[in-house]
file data39.cif (mmCIF, C-alpha atoms)
data_coords
#
loop_
_atom_site.label_atom_id
_atom_site.label_comp_id
_atom_site.auth_asym_id
_atom_site.auth_seq_id
_atom_site.Cartn_x
_atom_site.Cartn_y
_atom_site.Cartn_z
CA MET H 16 292.23 48.66 -14.72
CA ALA H 17 289.95 51.65 -14.23
CA ASN H 18 291.68 55.02 -14.23
CA ALA H 19 292.40 56.50 -10.81
CA PRO H 20 290.19 59.51 -10.03
CA GLN H 21 291.59 63.01 -10.51
CA ILE H 22 291.69 64.82 -7.15
CA PRO H 23 292.38 68.59 -6.89
CA GLY H 24 295.58 69.29 -4.98
CA TRP H 25 296.90 65.76 -5.44
CA THR H 26 298.88 63.97 -8.16
CA HIS H 27 298.35 60.27 -8.83
CA ILE H 28 301.66 58.39 -8.78
CA TYR H 29 300.84 54.67 -8.59
CA SER H 30 298.08 52.08 -8.85
CA GLY H 31 298.29 48.61 -7.32
CA LYS H 32 295.76 45.80 -7.40
CA VAL H 33 293.44 47.72 -5.09
CA ARG H 34 295.06 50.98 -3.97
CA ASP H 35 295.94 54.24 -5.69
CA LEU H 36 298.64 56.53 -4.29
CA TYR H 37 298.71 60.33 -4.51
CA VAL H 38 301.15 63.03 -3.42
CA PRO H 39 300.43 66.73 -2.83
CA ASN H 40 301.05 69.00 -5.82
CA GLU H 41 301.58 72.73 -6.30
CA ASP H 42 297.82 73.34 -6.07
CA PHE H 43 297.49 71.57 -2.72
CA HIS H 44 297.10 74.67 -0.55
CA GLU H 45 294.64 76.35 -2.92
CA ALA H 46 292.57 73.16 -3.23
CA THR H 47 292.53 72.21 0.46
CA GLY H 48 293.36 75.29 2.48
CA LEU H 49 296.03 73.28 4.29
CA VAL H 50 299.78 73.80 4.44
CA ILE H 51 302.23 70.92 4.37
CA ASP H 52 305.71 71.44 5.78
CA ASP H 53 308.09 69.82 8.21
CA ASN H 54 306.44 71.52 11.18
CA THR H 55 302.86 70.30 10.64
CA GLU H 56 301.18 66.94 11.07
CA LEU H 57 300.82 66.69 7.30
CA ARG H 58 304.48 66.34 6.49
CA ALA H 59 306.35 67.05 3.34
CA GLY H 60 306.58 63.67 1.65
CA SER H 61 303.20 62.45 2.92
CA VAL H 62 301.11 60.25 0.64
CA MET H 63 297.37 59.75 0.29
CA VAL H 64 296.37 56.08 0.06
CA VAL H 65 293.02 55.50 -1.65
CA ALA H 66 291.37 52.07 -1.55
CA SER H 67 289.37 51.41 -4.71
CA ASP H 68 286.55 48.91 -5.18
CA ARG H 69 288.75 46.76 -7.42
CA ILE H 70 289.08 43.09 -6.57
CA SER H 71 291.72 40.59 -7.62
CA ALA H 72 291.90 36.81 -7.61
CA PHE H 73 294.76 34.49 -8.58
CA ASP H 74 296.87 37.69 -8.84
CA LYS H 75 294.64 39.02 -11.61
CA ILE H 76 292.60 42.22 -11.37
CA ILE H 77 288.96 41.61 -12.28
CA SER H 78 287.05 44.15 -14.33
CA THR H 79 283.98 44.07 -12.04
CA PRO H 80 284.25 46.16 -8.85
CA ILE H 81 282.72 45.23 -5.49
CA PRO H 82 280.68 48.26 -4.30
CA ASP H 83 282.00 49.87 -1.09
CA LYS H 84 284.90 47.41 -0.80
CA GLY H 85 287.45 50.22 -0.59
CA LYS H 86 285.55 51.93 2.21
CA ILE H 87 285.27 48.68 4.15
CA LEU H 88 289.00 47.96 3.82
CA THR H 89 289.95 51.50 4.88
CA GLN H 90 287.59 51.68 7.85
CA LEU H 91 288.60 48.22 9.06
CA SER H 92 292.31 49.03 8.74
CA LEU H 93 291.82 52.23 10.75
CA TRP H 94 290.01 50.26 13.46
CA TRP H 95 292.84 47.71 13.65
CA PHE H 96 295.50 50.44 13.72
CA GLU H 97 293.75 51.75 16.84
CA GLN H 98 293.69 48.30 18.47
CA LEU H 99 297.40 47.77 17.79
CA ALA H 100 298.66 51.26 18.65
CA ASP H 101 300.44 50.08 21.80
CA LEU H 102 302.34 47.37 19.89
CA VAL H 103 303.71 49.21 16.86
CA PRO H 104 303.57 52.69 15.30
CA ASN H 105 301.57 52.98 12.07
CA HIS H 106 301.68 55.21 9.03
CA VAL H 107 298.37 57.07 9.45
CA LEU H 108 298.61 60.87 9.75
CA SER H 109 295.08 62.01 9.00
CA THR H 110 291.67 60.89 7.75
CA ASP H 111 290.76 64.45 6.71
CA VAL H 112 290.66 63.65 3.00
CA PRO H 113 289.02 65.19 -0.08
CA ALA H 114 285.29 64.60 -0.55
CA GLU H 115 285.96 62.61 -3.72
CA VAL H 116 287.53 59.82 -1.65
CA ALA H 117 285.84 60.29 1.71
CA GLY H 118 285.75 57.11 3.76
CA ARG H 119 288.16 55.23 1.51
CA ALA H 120 291.40 57.19 1.96
CA MET H 121 294.07 57.96 4.54
CA ILE H 122 296.86 60.52 4.47
CA CYS H 123 299.95 58.63 5.59
CA LYS H 124 303.63 58.91 6.29
CA SER H 125 305.66 58.10 3.22
CA LEU H 126 307.64 55.08 4.41
CA ASN H 127 310.72 53.41 3.01
CA MET H 128 309.03 50.02 2.62
CA PHE H 129 310.90 46.77 3.17
CA PRO H 130 310.91 44.56 0.04
CA VAL H 131 309.16 41.69 1.82
CA GLU H 132 305.68 40.76 2.96
CA CYS H 133 305.53 39.51 6.54
CA ILE H 134 303.11 36.62 6.91
CA ALA H 135 302.00 35.02 10.16
CA ARG H 136 300.18 31.68 10.03
CA GLY H 137 298.30 30.19 12.95
CA TYR H 138 296.52 27.59 10.82
CA LEU H 139 297.60 25.48 7.87
CA THR H 140 295.78 26.24 4.62
CA GLY H 141 296.17 27.78 1.17
CA SER H 142 299.62 27.99 -0.36
CA GLY H 143 301.15 27.05 3.00
CA LEU H 144 299.26 23.75 2.96
CA ALA H 145 300.45 23.02 -0.59
CA THR H 146 304.07 23.68 0.42
CA TYR H 147 303.70 21.56 3.56
CA ARG H 148 302.36 18.62 1.55
CA GLU H 149 305.39 18.80 -0.74
CA SER H 150 308.14 19.18 1.86
CA GLY H 151 306.75 19.07 5.40
CA GLU H 152 307.82 22.67 5.95
CA ILE H 153 306.96 26.26 5.03
CA ALA H 154 309.71 28.79 4.31
CA GLY H 155 312.22 26.64 6.20
CA VAL H 156 309.93 26.09 9.22
CA GLN H 157 309.55 22.34 9.83
CA LEU H 158 306.03 21.30 10.85
CA PRO H 159 304.72 18.09 12.49
CA GLU H 160 303.50 15.22 10.34
CA GLY H 161 299.82 14.49 9.84
CA LEU H 162 298.48 18.04 9.58
CA VAL H 163 295.42 18.63 7.41
CA ASP H 164 293.72 21.57 5.75
CA GLY H 165 292.70 23.90 8.58
CA SER H 166 294.91 22.37 11.28
CA ARG H 167 295.76 24.79 14.06
CA LEU H 168 299.52 25.07 14.53
CA GLU H 169 301.05 24.57 17.96
CA GLN H 170 302.59 28.03 17.65
CA PRO H 171 302.03 30.69 14.97
CA ILE H 172 304.85 30.74 12.44
CA PHE H 173 306.50 33.52 10.44
CA THR H 174 306.72 32.84 6.69
CA PRO H 175 307.86 35.91 4.74
CA THR H 176 307.54 36.29 0.99
CA GLY H 177 309.27 38.44 -1.57
CA LYS H 178 307.19 41.19 -3.16
CA ALA H 179 306.09 40.51 -6.72
CA GLU H 180 305.00 42.98 -9.37
CA VAL H 181 301.27 43.42 -10.02
CA GLY H 182 300.04 40.32 -11.87
CA GLU H 183 302.88 38.12 -10.64
CA HIS H 184 302.97 35.66 -7.76
CA ASP H 185 304.68 36.26 -4.40
CA GLU H 186 307.21 33.56 -3.47
CA LEU H 187 308.05 32.27 -0.01
CA ILE H 188 311.55 33.10 1.23
CA THR H 189 313.59 31.65 4.10
CA ARG H 190 314.90 33.58 7.07
CA ASP H 191 318.39 33.61 5.53
CA GLU H 192 316.96 35.15 2.36
CA LEU H 193 315.08 37.69 4.47
CA TYR H 194 318.29 38.59 6.32
CA THR H 195 320.05 39.05 3.00
CA GLU H 196 317.35 41.52 1.95
CA VAL H 197 317.07 43.61 5.13
CA GLY H 198 319.84 42.52 7.51
CA ARG H 199 319.52 40.13 10.45
CA PRO H 200 318.59 42.66 13.20
CA VAL H 201 315.79 44.13 11.07
CA GLY H 202 314.64 40.69 9.93
CA GLU H 203 314.41 39.46 13.51
CA ARG H 204 312.48 42.59 14.52
CA LEU H 205 310.04 42.12 11.63
CA GLU H 206 309.41 38.55 12.75
CA GLU H 207 308.90 39.62 16.36
CA LEU H 208 306.44 42.37 15.41
CA THR H 209 304.56 40.16 12.95
CA LEU H 210 303.96 37.42 15.50
CA LYS H 211 303.03 39.90 18.25
CA ILE H 212 300.48 41.57 15.99
CA TYR H 213 299.07 38.24 14.86
CA SER H 214 298.70 36.96 18.44
CA ALA H 215 296.97 40.14 19.61
CA ALA H 216 294.64 40.23 16.60
CA GLU H 217 293.88 36.51 16.80
CA GLU H 218 292.70 36.94 20.39
CA ILE H 219 290.54 39.97 19.51
CA ALA H 220 288.96 38.14 16.56
CA ARG H 221 288.35 34.96 18.57
CA GLU H 222 286.42 36.98 21.18
CA ARG H 223 284.09 37.93 18.32
CA GLY H 224 283.60 34.38 17.07
CA ILE H 225 286.07 34.72 14.19
CA ILE H 226 289.27 32.75 13.60
CA LEU H 227 292.23 34.63 12.15
CA ALA H 228 293.95 31.86 10.19
CA ASP H 229 296.77 33.94 8.75
CA THR H 230 297.61 37.51 7.81
CA LYS H 231 300.01 39.53 5.66
CA LEU H 232 301.67 42.65 7.06
CA GLU H 233 303.93 45.26 5.49
CA PHE H 234 306.43 47.45 7.26
CA GLY H 235 308.72 50.32 6.40
CA THR H 236 310.90 52.87 8.12
CA ASP H 237 309.69 56.34 8.99
CA SER H 238 312.13 58.67 7.23
CA TYR H 239 311.75 61.21 10.05
CA ARG H 240 312.37 58.92 13.02
CA GLY H 241 313.89 55.85 11.42
CA GLU H 242 311.61 53.52 13.38
CA ILE H 243 309.97 50.43 11.93
CA THR H 244 306.37 51.34 11.15
CA LEU H 245 303.29 49.32 10.14
CA GLY H 246 301.99 50.44 6.75
CA ASP H 247 299.61 49.60 3.92
CA GLU H 248 296.39 47.90 5.06
CA VAL H 249 296.14 45.71 8.13
CA LEU H 250 294.00 42.69 9.04
CA THR H 251 291.39 43.10 6.31
CA PRO H 252 289.71 40.30 4.32
CA ASP H 253 292.09 41.18 1.47
CA SER H 254 295.21 40.59 3.56
CA SER H 255 293.98 37.91 5.97
CA ARG H 256 291.95 34.73 6.19
CA PHE H 257 289.04 35.08 8.59
CA TRP H 258 286.90 32.02 9.35
CA ASP H 259 283.65 31.66 11.28
CA ALA H 260 284.59 29.86 14.50
CA ALA H 261 281.16 28.22 14.65
CA GLU H 262 281.74 26.54 11.28
CA TYR H 263 285.41 25.62 11.79
CA GLU H 264 286.17 21.98 10.98
CA PRO H 265 289.74 20.82 10.26
CA GLY H 266 290.20 18.55 7.28
CA LYS H 267 288.40 20.67 4.71
CA SER H 268 288.43 24.12 3.19
CA GLN H 269 286.87 26.65 5.59
CA PRO H 270 284.31 29.27 4.51
CA SER H 271 286.11 32.64 4.52
CA PHE H 272 285.11 36.25 5.07
CA ASP H 273 286.76 37.36 1.86
CA LYS H 274 286.63 36.85 -1.91
CA GLN H 275 285.93 33.13 -1.66
CA PHE H 276 282.77 33.51 -3.76
CA VAL H 277 284.87 35.12 -6.49
CA ARG H 278 287.54 32.41 -6.44
CA ASP H 279 284.96 29.60 -6.40
CA TRP H 280 283.04 31.11 -9.33
CA LEU H 281 286.22 31.61 -11.36
CA ARG H 282 287.07 27.94 -10.84
CA SER H 283 283.59 26.85 -11.97
CA GLU H 284 282.61 25.75 -15.45
CA GLU H 285 280.08 28.59 -15.53
CA SER H 286 282.85 31.20 -15.62
CA GLY H 287 284.58 29.67 -18.63
CA TRP H 288 287.85 30.35 -16.83
CA ASP H 289 288.05 27.02 -15.02
CA GLY H 290 291.59 25.89 -14.25
CA LYS H 291 293.23 29.26 -14.83
CA THR H 292 295.51 30.52 -12.07
CA TRP H 293 297.93 33.39 -11.57
CA ASN H 294 300.18 32.27 -14.40
CA GLY H 295 297.35 31.79 -16.90
CA SER H 296 297.46 33.88 -20.05
CA GLU H 297 293.78 34.85 -20.14
CA GLU H 298 292.25 37.67 -18.13
CA PRO H 299 289.41 36.66 -15.79
CA PRO H 300 285.82 37.32 -16.92
CA ALA H 301 283.43 39.91 -15.46
CA LEU H 302 281.56 38.77 -12.35
CA PRO H 303 277.81 38.10 -12.30
CA ALA H 304 275.65 40.33 -10.07
CA GLU H 305 274.94 37.49 -7.62
CA ILE H 306 278.65 36.92 -6.94
CA VAL H 307 279.20 40.66 -6.49
CA GLU H 308 276.34 40.91 -3.98
CA LYS H 309 277.45 37.85 -1.98
CA THR H 310 281.06 39.07 -1.87
CA ARG H 311 280.08 42.56 -0.70
CA ALA H 312 277.85 41.04 2.01
CA ARG H 313 280.73 38.90 3.26
CA TYR H 314 283.05 41.92 3.53
CA VAL H 315 280.37 43.89 5.39
CA GLU H 316 279.78 40.99 7.78
CA ALA H 317 283.50 40.75 8.58
CA PHE H 318 283.65 44.49 9.29
CA GLU H 319 280.59 44.49 11.51
CA ARG H 320 281.45 41.37 13.51
CA LEU H 321 285.03 42.47 14.16
CA THR H 322 284.38 46.12 15.01
CA GLY H 323 280.91 45.84 16.53
CA ARG H 324 279.91 48.79 14.33
CA THR H 325 277.29 49.05 11.60
CA PHE H 326 278.86 49.71 8.22
CA GLU H 327 277.56 52.88 6.63
CA ALA H 328 278.37 53.31 2.94
#

call {"tool": "encode", "arguments": {"input": "data39.cif", "output": "structure tokens"}}
result
Amino acid sequence: MANAPQIPGWTHIYSGKVRDLYVPNEDFHEATGLVIDDNTELRAGSVMVVASDRISAFDKIISTPIPDKGKILTQLSLWWFEQLADLVPNHVLSTDVPAEVAGRAMICKSLNMFPVECIARGYLTGSGLATYRESGEIAGVQLPEGLVDGSRLEQPIFTPTGKAEVGEHDELITRDELYTEVGRPVGERLEELTLKIYSAAEEIARERGIILADTKLEFGTDSYRGEITLGDEVLTPDSSRFWDAAEYEPGKSQPSFDKQFVRDWLRSEESGWDGKTWNGSEEPPALPAEIVEKTRARYVEAFERLTGRTFEA
């Protein structure tokens, strides 16, 4: 993994698959001219979230970056946070960030994150399809017989997963397991919020000719107010499956506005990595320029079709 950039006034504390986290240090005021305390918008305990251009597939980080990916993810998340502001509070405090990370960073509330990922599925595909074919259910939710890849579900379903370490695979959990982790009242509220957000976003996307098949959300509690707050990224191609409504056809894999080109190439004989998945021992190979260009174009298209804005790098 590439080293996180050094940013005056901030100390790097963590790197995930895509994002790097920073907290203010003793040089913050000198470097930025700003003051952080309990009485300002930039609170003590705030964190700067920087989206890199790293890309992962099969829970492996690939050595080849996708140019501007971090900016696209950040700008799209900010747009969605605005659309969802009436449904749930979010963690964004400011987009006034250092020049080194302009356009790809947000200064956010430092949340106490719940140890689960909240997934809403409106269509059957991916790991959910594999689980359904084995047992007829997903995370304890029984589904009708005869569904195929891409089937639209009668009602969106909530299928939480436990959080895995970087390089490991998230596992589905049942509602009872969720309640054990966070308590029943909180678990029920997370389900309610997840499905409300999915339904609102699915309608917005559909108006733009895009199907939101499923999405992953993360929540935490605001240490100042104690309220459940939407954090991390939201409704990006990295955390959601977006399909072109004009090309939608149940019974087959749908073209996605995400890293599908990367996954398909890694599965091909050309990559030399064919058959490897998240639990494989070998690291994935570098990506060819053509795959990088196609993947970047797909991310840009998703941003522009959803927001109605032209992406400017």

call {"tool": "closest_residue", "arguments": {"input": "data39.cif", "among": "H:Lys309, H:Arg320, H:Arg148, H:Arg256", "to": "H:Asp279", "atoms": "all atoms listed in the file"}}
result
H:Lys309

call {"tool": "residues_around", "arguments": {"input": "data39.cif", "residues": "H:Tyr213", "least_positions_apart": "6", "cutoff": "10 Å", "atoms": "all atoms listed in the file", "output": "ChimeraX atom specification"}}
result
/H:134-137,171-173,219,227-232,250

call {"tool": "resolve_selection", "arguments": {"input": "data39.cif", "expression": "the PyMOL selection byres ((chain H and resi 47) around 10)", "output": "PyMOL selection string"}}
result
chain H and resi 23-25+42-46+48-50+112-113

call {"tool": "resolve_selection", "arguments": {"input": "data39.cif", "expression": "the PyMOL selection byres ((chain H and resi 94) around 12)", "output": "number ranges by chain"}}
result
H: 87-93, 95-100, 105, 107, 216, 219, 248-251, 318-319, 321-324

call {"tool": "resolve_selection", "arguments": {"input": "data39.cif", "expression": "the PyMOL selection byres ((chain H and resi 84) around 12)", "output": "number ranges by chain"}}
result
H: 33-34, 65-71, 79-83, 85-91, 118-119, 251-253, 273-274, 307-308, 310-318, 326-328
